[in-house]
Amino acid sequence: MAEEKSTEYMRRALAIAAECAAADEVPVGCVVVKDGEIIAEGGNRKERENNALRHAETVALAAAAEKVGNWWLEDCDVYVTLEPCPMCAGAMILSRVRKVFFGAYDEKSGAAGSRVNLFEKGLFNHDIEVEGGVLREECAAVLSEFFAAKRRAAKQRKTPAE
């Protein structure tokens, strides 16, 4: 049952990621869950808002804090399609979320073990449980397809019309 719910929440995050791709944003989606219900969600908004801080996770965490009326999100779990970066991992630690579930691993900037592990037990004043690889292939495919389309478009712009 718990695995079914994890899949359900990650599928919602994937839908948000698809919306981001359609808006020409890197397709990352995030949902925050409390007591078995999605209370907040967010997608990348860096390009639309010209703001490097507007990652899917920070958008969702801010919405969750507003929803519960407190920046402490101790009873909340986060589901995100891509392994959090250092900024987002730090935001989750400071928000005191209970557990993070992520889909695709990020070998270049992942902060849940791929590049660094900010979630290492005892490293900070709050420990967060982490589970990676939830719908890993689907989450990775969304990102791969987005960047492949970007490369194709760039190549077409460089190739003169015949």
# chains A, B, ... in the order shown; residues from 1 in each chain; ligands from 1
>>> residues_around(residues="range 112-127 of chain A", least_positions_apart="2", cutoff="12 Å", atoms="only C-alpha atoms", output="number ranges by chain")
A: 72-74, 82-110, 129-133
>>> residues_around(residues="Ala23 in chain A", least_positions_apart="3", cutoff="12 Å", atoms="only C-alpha atoms", output="PyMOL selection string")
chain A and resi 16-20+26-28+43-49+146
>>> select_by_dssp(residues="chain A", states="alpha helix (DSSP H)", output="count of residues only")
71
>>> residues_around(residues="Ala40 in chain A", least_positions_apart="4", cutoff="7 Å", atoms="only C-alpha atoms", output="NGL selection string")
:A and (31-32 or 60 or 63-64)
>>> select_by_dssp(residues="chain A", states="strand (DSSP E or B)", output="number ranges by chain")
A: 29-34, 37-43, 76-82, 99-104, 112, 117, 129-132
>>> atom_distance(atom1="CA of Asp77 in chain A", atom2="CA of Ala140 in chain A")
21.0 Å
>>> residues_around(residues="Arg11 in chain A", least_positions_apart="5", cutoff="9 Å", atoms="only C-alpha atoms", output="VMD selection string")
chain A and resid 6 16 81 135
>>> write_last_selection(atoms="all heavy atoms", output="CSV table (one decimal), in the first residue's frame")
chain,number,residue,atom,x,y,z
A,6,SER,N,3.4,6.0,-2.9
A,6,SER,CA,4.6,6.6,-3.4
A,6,SER,C,4.5,6.8,-4.9
A,6,SER,O,4.9,7.8,-5.4
A,6,SER,CB,5.8,5.8,-3.0
A,6,SER,OG,6.1,5.8,-1.6
A,16,ILE,N,3.5,17.4,-13.2
A,16,ILE,CA,4.0,18.7,-13.0
A,16,ILE,C,5.2,19.0,-13.8
A,16,ILE,O,5.4,20.0,-14.5
A,16,ILE,CB,4.2,19.0,-11.5
A,16,ILE,CG1,2.9,18.9,-10.7
A,16,ILE,CG2,4.9,20.4,-11.3
A,16,ILE,CD1,3.1,18.9,-9.2
A,81,THR,N,10.9,14.6,-8.8
A,81,THR,CA,11.3,13.7,-9.9
A,81,THR,C,12.8,13.6,-10.1
A,81,THR,O,13.3,12.7,-10.8
A,81,THR,CB,10.6,14.2,-11.2
A,81,THR,OG1,11.0,15.6,-11.4
A,81,THR,CG2,9.1,14.1,-11.1
A,135,LEU,N,10.1,5.4,-9.5
A,135,LEU,CA,9.8,5.6,-10.9
A,135,LEU,C,11.0,6.2,-11.6
A,135,LEU,O,10.9,7.1,-12.5
A,135,LEU,CB,8.6,6.5,-11.1
A,135,LEU,CG,7.3,5.9,-10.5
A,135,LEU,CD1,6.1,6.9,-10.8
A,135,LEU,CD2,6.9,4.6,-11.1
>>> decode(residues="range 82-93 of chain A", atoms="all heavy atoms", output="compact mmCIF listing (two decimals), in the first residue's frame")
# COMPACT_ATOMS: atom_id res chain seq x y z
N LEU A 82 13.56 14.53 -9.53
CA LEU A 82 15.01 14.53 -9.68
C LEU A 82 15.67 14.68 -8.32
O LEU A 82 15.19 15.44 -7.46
CB LEU A 82 15.45 15.69 -10.59
CG LEU A 82 16.94 15.84 -10.88
CD1 LEU A 82 17.49 14.63 -11.64
CD2 LEU A 82 17.19 17.13 -11.67
N GLU A 83 16.76 13.98 -8.12
CA GLU A 83 17.53 14.09 -6.88
C GLU A 83 17.78 15.56 -6.55
O GLU A 83 18.22 16.32 -7.42
CB GLU A 83 18.86 13.35 -7.04
CG GLU A 83 19.75 13.39 -5.85
CD GLU A 83 21.05 12.63 -6.07
OE1 GLU A 83 21.26 12.06 -7.17
OE2 GLU A 83 21.87 12.61 -5.13
N PRO A 84 17.49 15.98 -5.33
CA PRO A 84 17.66 17.38 -4.98
C PRO A 84 19.10 17.87 -5.11
O PRO A 84 20.05 17.13 -4.84
CB PRO A 84 17.22 17.44 -3.51
CG PRO A 84 16.36 16.24 -3.32
CD PRO A 84 16.92 15.19 -4.24
N CYS A 85 19.23 19.12 -5.50
CA CYS A 85 20.53 19.79 -5.55
C CYS A 85 20.88 20.24 -4.13
O CYS A 85 20.06 20.14 -3.22
CB CYS A 85 20.45 20.99 -6.49
SG CYS A 85 19.49 22.38 -5.83
N PRO A 86 22.08 20.77 -3.91
CA PRO A 86 22.45 21.22 -2.56
C PRO A 86 21.51 22.28 -1.99
O PRO A 86 21.17 22.22 -0.80
CB PRO A 86 23.87 21.77 -2.74
CG PRO A 86 24.42 20.97 -3.88
CD PRO A 86 23.24 20.79 -4.82
N MET A 87 21.06 23.23 -2.80
CA MET A 87 20.17 24.27 -2.30
C MET A 87 18.86 23.65 -1.82
O MET A 87 18.38 23.97 -0.72
CB MET A 87 19.88 25.31 -3.40
CG MET A 87 18.86 26.36 -2.98
SD MET A 87 18.45 27.54 -4.27
CE MET A 87 17.49 26.53 -5.40
N CYS A 88 18.30 22.76 -2.61
CA CYS A 88 17.01 22.17 -2.26
C CYS A 88 17.13 21.19 -1.10
O CYS A 88 16.25 21.14 -0.24
CB CYS A 88 16.39 21.51 -3.49
SG CYS A 88 15.95 22.73 -4.75
N ALA A 89 18.21 20.45 -1.06
CA ALA A 89 18.45 19.56 0.08
C ALA A 89 18.54 20.39 1.36
O ALA A 89 17.95 20.03 2.39
CB ALA A 89 19.72 18.74 -0.13
N GLY A 90 19.26 21.50 1.29
CA GLY A 90 19.37 22.38 2.46
C GLY A 90 18.02 22.94 2.87
O GLY A 90 17.71 23.01 4.07
N ALA A 91 17.21 23.32 1.91
CA ALA A 91 15.88 23.84 2.22
C ALA A 91 15.02 22.78 2.90
O ALA A 91 14.27 23.08 3.84
CB ALA A 91 15.19 24.34 0.95
N MET A 92 15.15 21.53 2.47
CA MET A 92 14.39 20.45 3.10
C MET A 92 14.87 20.20 4.53
O MET A 92 14.06 19.97 5.43
CB MET A 92 14.52 19.18 2.27
CG MET A 92 13.79 19.26 0.96
SD MET A 92 14.06 17.76 0.01
CE MET A 92 13.76 18.37 -1.63
N ILE A 93 16.18 20.26 4.73
CA ILE A 93 16.73 20.07 6.07
C ILE A 93 16.24 21.20 6.99
O ILE A 93 15.76 20.95 8.10
CB ILE A 93 18.28 20.02 6.03
CG1 ILE A 93 18.73 18.74 5.32
CG2 ILE A 93 18.87 20.11 7.43
CD1 ILE A 93 20.19 18.74 4.87
